[in-house]
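What follows is the content of model32.txt, which has compact mmCIF, C-alpha atoms:
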# COMPACT_ATOMS: atom_id res chain seq x y z
CA MET A 1135 50.62 -65.40 31.98
CA GLN A 1136 53.00 -66.27 29.16
CA THR A 1137 55.64 -68.92 29.89
CA LEU A 1138 58.60 -69.76 27.70
CA THR A 1139 58.76 -73.43 26.77
CA LEU A 1140 61.84 -75.22 25.42
CA ARG A 1141 60.38 -74.91 21.93
CA ARG A 1142 60.09 -71.14 22.35
CA TYR A 1143 63.70 -70.89 23.54
CA LEU A 1144 64.65 -72.85 20.40
CA VAL A 1145 62.77 -70.29 18.27
CA LEU A 1146 64.82 -67.53 19.97
CA GLY A 1147 67.98 -69.57 19.24
CA VAL A 1148 67.12 -69.83 15.54
CA VAL A 1149 66.46 -66.06 15.46
CA THR A 1150 69.97 -65.56 16.89
CA LEU A 1151 71.84 -67.94 14.56
CA ALA A 1152 69.92 -67.09 11.38
CA SER A 1153 70.64 -63.40 11.99
CA ALA A 1154 74.38 -63.95 12.54
CA PHE A 1155 74.91 -66.35 9.62
CA GLY A 1156 72.60 -64.30 7.36
CA ASP A 1157 74.47 -61.02 7.97
CA THR A 1158 77.84 -62.72 7.52
CA SER A 1159 76.76 -64.42 4.27
CA LEU A 1160 75.61 -61.04 2.97
CA ALA A 1161 78.98 -59.55 3.93
CA VAL A 1162 80.88 -62.30 2.09
CA GLY A 1163 78.75 -61.77 -1.03
CA MET A 1164 79.04 -57.98 -0.97
CA LYS A 1165 82.82 -58.06 -0.40
CA ARG A 1166 83.22 -60.35 -3.41
CA LEU A 1167 81.03 -58.05 -5.48
CA GLY A 1168 83.11 -55.01 -4.51
CA PRO A 1169 81.98 -51.51 -3.49
CA VAL A 1170 78.61 -50.40 -4.89
CA PRO A 1171 79.03 -46.83 -6.24
CA LEU A 1172 76.54 -44.20 -5.03
CA SER A 1173 75.88 -43.29 -8.67
CA HIS A 1174 74.80 -46.86 -9.51
CA PRO A 1175 72.49 -48.10 -6.74
CA ASP A 1176 70.93 -50.48 -9.31
CA ALA A 1177 74.03 -52.65 -8.80
CA LEU A 1178 72.29 -53.81 -5.60
CA LEU A 1179 69.85 -55.73 -7.81
CA THR A 1180 72.79 -57.56 -9.39
CA ALA A 1181 73.94 -58.43 -5.88
CA LEU A 1182 70.75 -60.44 -5.35
CA GLN A 1183 72.06 -62.95 -7.92
CA THR A 1184 75.28 -63.57 -5.97
CA PRO A 1185 75.07 -67.03 -4.26
CA TRP A 1186 76.29 -65.72 -0.88
CA VAL A 1187 73.83 -62.82 -0.97
CA PHE A 1188 71.06 -65.24 -2.00
CA ALA A 1189 71.96 -67.59 0.88
CA GLY A 1190 71.99 -64.60 3.22
CA ILE A 1191 68.51 -63.63 2.05
CA LEU A 1192 67.23 -67.20 2.62
CA LEU A 1193 68.63 -67.16 6.17
CA LEU A 1194 67.04 -63.78 6.79
CA LEU A 1195 63.70 -65.19 5.60
CA VAL A 1196 64.06 -67.94 8.24
CA TRP A 1197 64.93 -65.20 10.71
CA THR A 1198 61.79 -63.25 9.71
CA GLY A 1199 59.46 -66.22 10.32
CA CYS A 1200 60.95 -67.03 13.72
CA TYR A 1201 61.19 -63.37 14.72
CA LEU A 1202 57.50 -62.74 13.95
CA THR A 1203 56.56 -65.89 15.84
CA ALA A 1204 58.55 -64.69 18.87
CA LEU A 1205 56.95 -61.22 18.70
CA SER A 1206 53.51 -62.85 18.89
CA TRP A 1207 54.22 -64.18 22.41
CA ALA A 1208 56.90 -61.84 23.77
CA ASP A 1209 57.68 -58.10 24.04
CA LEU A 1210 59.94 -56.40 21.50
CA THR A 1211 62.17 -55.30 24.40
CA PHE A 1212 62.49 -58.95 25.44
CA VAL A 1213 63.01 -60.55 22.02
CA LEU A 1214 65.80 -58.17 20.96
CA PRO A 1215 67.97 -58.69 24.07
CA ALA A 1216 67.20 -62.40 24.21
CA THR A 1217 68.74 -62.78 20.75
CA SER A 1218 71.74 -60.53 21.44
CA LEU A 1219 74.26 -63.37 21.23
CA ALA A 1220 74.03 -62.74 17.49
CA TYR A 1221 76.49 -59.85 18.03
CA VAL A 1222 79.02 -62.27 19.49
CA ALA A 1223 78.38 -64.79 16.71
CA VAL A 1224 78.87 -62.08 14.04
CA ALA A 1225 82.15 -61.02 15.68
CA LEU A 1226 83.42 -64.62 15.82
CA LEU A 1227 82.36 -65.29 12.22
CA SER A 1228 83.98 -62.01 11.09
CA ARG A 1229 87.22 -62.82 12.88
CA PHE A 1230 87.62 -66.48 11.97
CA TRP A 1231 85.80 -66.69 8.62
CA LEU A 1232 86.19 -63.25 7.02
CA HIS A 1233 89.52 -62.60 8.82
CA GLU A 1234 88.48 -59.07 9.77
CA GLN A 1235 90.46 -57.43 12.55
CA ILE A 1236 88.64 -56.91 15.86
CA SER A 1237 90.45 -54.71 18.39
CA PRO A 1238 90.35 -55.39 22.17
CA ALA A 1239 88.09 -52.28 22.54
CA ARG A 1240 85.59 -53.80 20.10
CA TRP A 1241 85.70 -57.10 21.97
CA LEU A 1242 84.97 -55.19 25.20
CA GLY A 1243 82.12 -53.39 23.46
CA ILE A 1244 80.65 -56.68 22.31
CA ALA A 1245 81.00 -58.08 25.85
CA LEU A 1246 79.23 -55.02 27.34
CA ILE A 1247 76.38 -55.28 24.85
CA THR A 1248 75.94 -58.96 25.56
CA ALA A 1249 76.10 -58.42 29.34
CA GLY A 1250 73.65 -55.54 29.18
CA VAL A 1251 71.09 -57.23 27.04
CA GLY A 1252 71.70 -60.69 28.46
CA PHE A 1253 70.55 -60.01 31.99
CA VAL A 1254 67.39 -58.30 30.79
CA THR A 1255 66.11 -61.75 29.91
CA GLN A 1256 65.90 -62.45 33.65
CA GLY A 1257 62.73 -60.34 33.69
CA PRO A 1258 59.25 -61.11 32.37
CA ALA A 1259 58.93 -61.73 28.62
CA TYR A 1260 55.52 -60.21 28.06
CA THR A 1261 53.54 -57.14 29.10
CA PRO A 1262 49.92 -58.25 29.58
CA ARG A 1263 47.34 -56.21 27.65
CA GLU A 1264 43.60 -55.99 27.78
CA SER A 1265 43.48 -57.42 24.27
CA ALA A 1266 45.95 -60.20 25.13
CA GLU A 1267 44.52 -61.31 28.45
CA THR A 1268 42.32 -63.89 26.84
CA ALA A 1269 45.29 -65.46 24.96
CA MET B 575 79.86 -35.48 -2.36
CA ILE B 576 80.52 -37.53 0.77
CA ASN B 577 83.22 -40.18 0.43
CA PRO B 578 81.38 -43.51 1.03
CA GLY B 579 84.31 -44.75 3.12
CA SER B 580 84.46 -41.72 5.47
CA GLY B 581 83.33 -41.76 9.10
CA ALA B 582 80.47 -39.33 8.36
CA ALA B 583 79.20 -41.52 5.53
CA ILE B 584 79.35 -44.65 7.70
CA ALA B 585 77.48 -42.78 10.48
CA LEU B 586 74.82 -41.74 7.95
CA MET B 587 74.50 -45.30 6.68
CA ILE B 588 74.16 -46.63 10.25
CA GLY B 589 71.60 -43.88 10.99
CA ALA B 590 69.51 -44.87 7.99
CA ILE B 591 69.58 -48.53 9.03
CA VAL B 592 68.60 -47.70 12.64
CA LEU B 593 65.74 -45.35 11.71
CA THR B 594 64.14 -47.70 9.21
CA ALA B 595 64.74 -50.78 11.39
CA THR B 596 63.14 -49.13 14.43
CA ALA B 597 60.08 -48.11 12.46
CA GLY B 598 59.93 -51.64 11.04
CA ASP B 599 60.34 -53.36 14.42
CA VAL B 600 57.69 -51.22 16.11
CA LEU B 601 55.21 -51.76 13.28
CA LEU B 602 55.89 -55.53 13.20
CA ALA B 603 55.62 -55.84 16.99
CA SER B 604 52.37 -53.86 16.92
CA ALA B 605 51.06 -56.09 14.11
CA MET B 606 51.94 -59.29 15.98
CA ARG B 607 50.25 -57.92 19.13
CA ALA B 608 47.12 -57.39 17.09
CA VAL B 609 47.35 -60.85 15.47
CA GLY B 610 47.89 -62.71 18.77
CA ASP B 611 49.86 -65.82 19.74
CA LEU B 612 50.90 -67.48 16.46
CA ASP B 613 51.33 -70.86 18.17
CA HIS B 614 47.64 -70.84 19.11
CA ILE B 615 46.55 -69.62 15.67
CA LYS B 616 48.68 -72.31 14.00
CA ALA B 617 47.12 -74.98 16.24
CA ASP B 618 43.61 -73.77 15.33
CA ARG B 619 43.94 -72.85 11.66
CA GLY B 620 47.17 -74.50 10.49
CA LEU B 621 50.29 -72.90 9.00
CA ARG B 622 48.37 -71.37 6.09
CA GLY B 623 45.87 -69.76 8.46
CA ALA B 624 48.71 -68.38 10.59
CA ILE B 625 50.50 -66.93 7.53
CA TRP B 626 47.23 -65.38 6.32
CA ALA B 627 46.55 -63.85 9.74
CA VAL B 628 49.96 -62.13 9.59
CA VAL B 629 50.01 -60.96 5.95
CA SER B 630 46.44 -59.60 6.11
CA GLU B 631 47.46 -57.21 8.92
CA SER B 632 48.21 -53.79 7.38
CA ARG B 633 50.82 -52.88 10.00
CA PHE B 634 52.77 -56.01 9.01
CA LEU B 635 52.95 -54.75 5.41
CA ALA B 636 54.08 -51.27 6.53
CA GLY B 637 56.65 -52.84 8.87
CA GLY B 638 57.86 -55.11 6.10
CA ALA B 639 58.38 -52.11 3.81
CA CYS B 640 60.46 -50.39 6.50
CA MET B 641 62.47 -53.57 7.06
CA ALA B 642 63.09 -53.84 3.31
CA LEU B 643 64.43 -50.27 3.31
CA SER B 644 66.60 -51.16 6.28
CA PHE B 645 67.82 -54.30 4.50
CA PHE B 646 68.93 -52.40 1.40
CA SER B 647 70.63 -49.78 3.59
CA LEU B 648 72.48 -52.64 5.30
CA LEU B 649 73.37 -54.28 1.98
CA PHE B 650 74.72 -50.97 0.68
CA SER B 651 76.75 -50.24 3.81
CA LEU B 652 78.27 -53.75 3.98
CA SER B 653 80.00 -53.12 0.66
CA HIS B 654 81.80 -50.12 2.20
CA ALA B 655 82.55 -51.14 5.79
CA ASP B 656 83.34 -54.20 7.94
CA VAL B 657 80.39 -56.33 9.05
CA SER B 658 81.88 -56.49 12.56
CA LEU B 659 81.38 -52.70 12.80
CA ILE B 660 78.12 -52.18 10.88
CA ALA B 661 76.13 -55.14 12.23
CA PRO B 662 76.79 -54.61 15.97
CA ALA B 663 76.58 -50.79 15.77
CA ALA B 664 73.32 -50.68 13.81
CA GLY B 665 71.88 -53.61 15.78
CA SER B 666 72.73 -52.15 19.18
CA LEU B 667 71.56 -48.62 18.40
CA THR B 668 68.35 -50.14 17.09
CA PHE B 669 67.97 -51.89 20.44
CA VAL B 670 68.18 -48.53 22.27
CA SER B 671 65.82 -46.72 19.89
CA ASN B 672 63.47 -49.70 20.09
CA ALA B 673 63.46 -49.55 23.91
CA VAL B 674 62.35 -45.90 23.71
CA ALA B 675 59.79 -46.63 21.00
CA ALA B 676 58.51 -49.73 22.83
CA LYS B 677 57.97 -47.67 25.99
CA TRP B 678 56.18 -44.71 24.37
CA VAL B 679 54.55 -46.21 21.30
CA LEU B 680 53.88 -49.85 22.22
CA HIS B 681 53.46 -49.11 25.98
CA GLU B 682 55.60 -52.11 26.94
CA ASN B 683 56.76 -52.42 30.53
CA VAL B 684 60.33 -51.15 29.99
CA ASP B 685 61.50 -51.41 33.62
CA ARG B 686 64.78 -50.32 35.27
CA ARG B 687 66.45 -53.57 34.21
CA ARG B 688 65.67 -52.91 30.56
CA TRP B 689 66.78 -49.24 30.70
CA LEU B 690 70.06 -50.26 32.37
CA ALA B 691 70.58 -52.80 29.62
CA ALA B 692 70.07 -49.99 27.07
CA ALA B 693 72.72 -47.87 28.83
CA LEU B 694 75.21 -50.77 28.78
CA VAL B 695 74.49 -51.26 25.11
CA CYS B 696 75.21 -47.55 24.45
CA CYS B 697 78.64 -47.93 26.13
CA GLY B 698 79.26 -51.05 24.12
CA VAL B 699 78.43 -49.26 20.88
CA ALA B 700 80.79 -46.39 21.78
CA LEU B 701 83.58 -48.93 22.27
CA LEU B 702 82.76 -50.66 18.99
CA LYS B 703 83.74 -47.48 17.13
CA HIS B 704 87.38 -47.79 18.27
Translate this structure into structure tokens?
Amino acid sequence: MQTLTLRRYLVLGVVTLASAFGDTSLAVGMKRLGPVPLSHPDALLTALQTPWVFAGILLLLVWTGCYLTALSWADLTFVLPATSLAYVAVALLSRFWLHEQISPARWLGIALITAGVGFVTQGPAYTPRESAETA
Amino acid sequence: MINPGSGAAIALMIGAIVLTATAGDVLLASAMRAVGDLDHIKADRGLRGAIWAVVSESRFLAGGACMALSFFSLLFSLSHADVSLIAPAAGSLTFVSNAVAAKWVLHENVDRRRWLAAALVCCGVALLKH
């Protein structure tokens, strides 16, 4: 039986925050770079040299490490909902940092997503397998 | 030629992100299942041993390739549309497609609670498009 310790909840928290800040950093970098034309997809390689895009990539590397760790002791359908507050964090960062407009309908959508995926965490985190029973 | 800023183009971009991300998530989850609890492996073999256990798993490499494709799709789309639309829409749809894939491919116990959550997420995504 897998139990979630405080340390494991912290790992899920880092997954959430690294995802939100990583995506937003990428957005800041790409907005400053301007639209990438379909005829020049190689411009995406130039984007990797933009500080914001680079910072976004670093955060997503942190996200990758924590995400893989979480997947080693919890189901995919538990980890994804458990880290759903990233949607709310992205919306707040977009509104107050990037000054993007978020309509009331979008806010309601974000609330529904968070409610839907939030209560799923009330259930078990892991589906026992024959191969995992000895873990 | 589709206008990169049009609704159809944004839907295509979101579709590409969702498809590649789902394939990546399922492959990574399957790889981590095969590897086992990383906390235990790290305690036994150290951080280097844990990293080696992950990167020597072929499904991890395939999943990583899919995630890289998804990443570049995301990077491309973020230069054409707001992050507050792309990130929640792609992320939420990926959650739904992952629930289906987790049930049928990974054989996870996707119970009524998890399906209901997927339905709520679908409604949320529909509202996000307004």
- Query: Counting all atoms listed in the file, which residues from chain B have an atom at most 8 Å from any atom of chain A, and could you show them as number ranges by chain?
  - Reply: B: 578, 599-600, 602-603, 606-607, 609-613, 646, 649-650, 652-654, 656-658, 661-662, 666, 669, 672-673, 676, 682-684, 687-688, 690-704
Rounded to one decimal, what separation in Å do you get between atom CA of Leu1192 of chain A and atom CA of Leu1138 of chain A?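 Pair atom CA of Leu1192 of chain A / atom CA of Leu1138 of chain A returns 26.6 Å.
Around Ser644 of chain B, within 12 Å and counting all atoms listed in the file, the residues found are Met587, Ile588, Gly589, Ala590, Ile591, Val592, Leu593, Thr594, Ala595, Thr596, Ala597, Gly598, Asp599, Gly637, Gly638, Phe650, Ser651, Ala661, Ala664, Gly665 and Thr668 of chain B, once anything fewer than 6 positions away on its own chain is removed.
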Just to confirm, what's the straight-line distance from atom CA of Ser632 of chain B to atom CA of Leu1146 of chain A in Å (one decimal)?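 Atom CA of Leu1146 of chain A lies at a distance of 25.0 Å from atom CA of Ser632 of chain B.
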Q) Mind pulling up the distance from atom CA of Ala1216 of chain A to atom CA of Trp626 of chain B? A)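 Rounded to one decimal, the two atoms are 27.0 Å apart.
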Quiz prompt | Residue nearest Phe634 of chain B among B:Ile660, B:Ala608, B:Ile615, B:Leu648 (counting all atoms listed in the file) | solution =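 Result for the nearest residue to Phe634 of chain B: B:Ala608.
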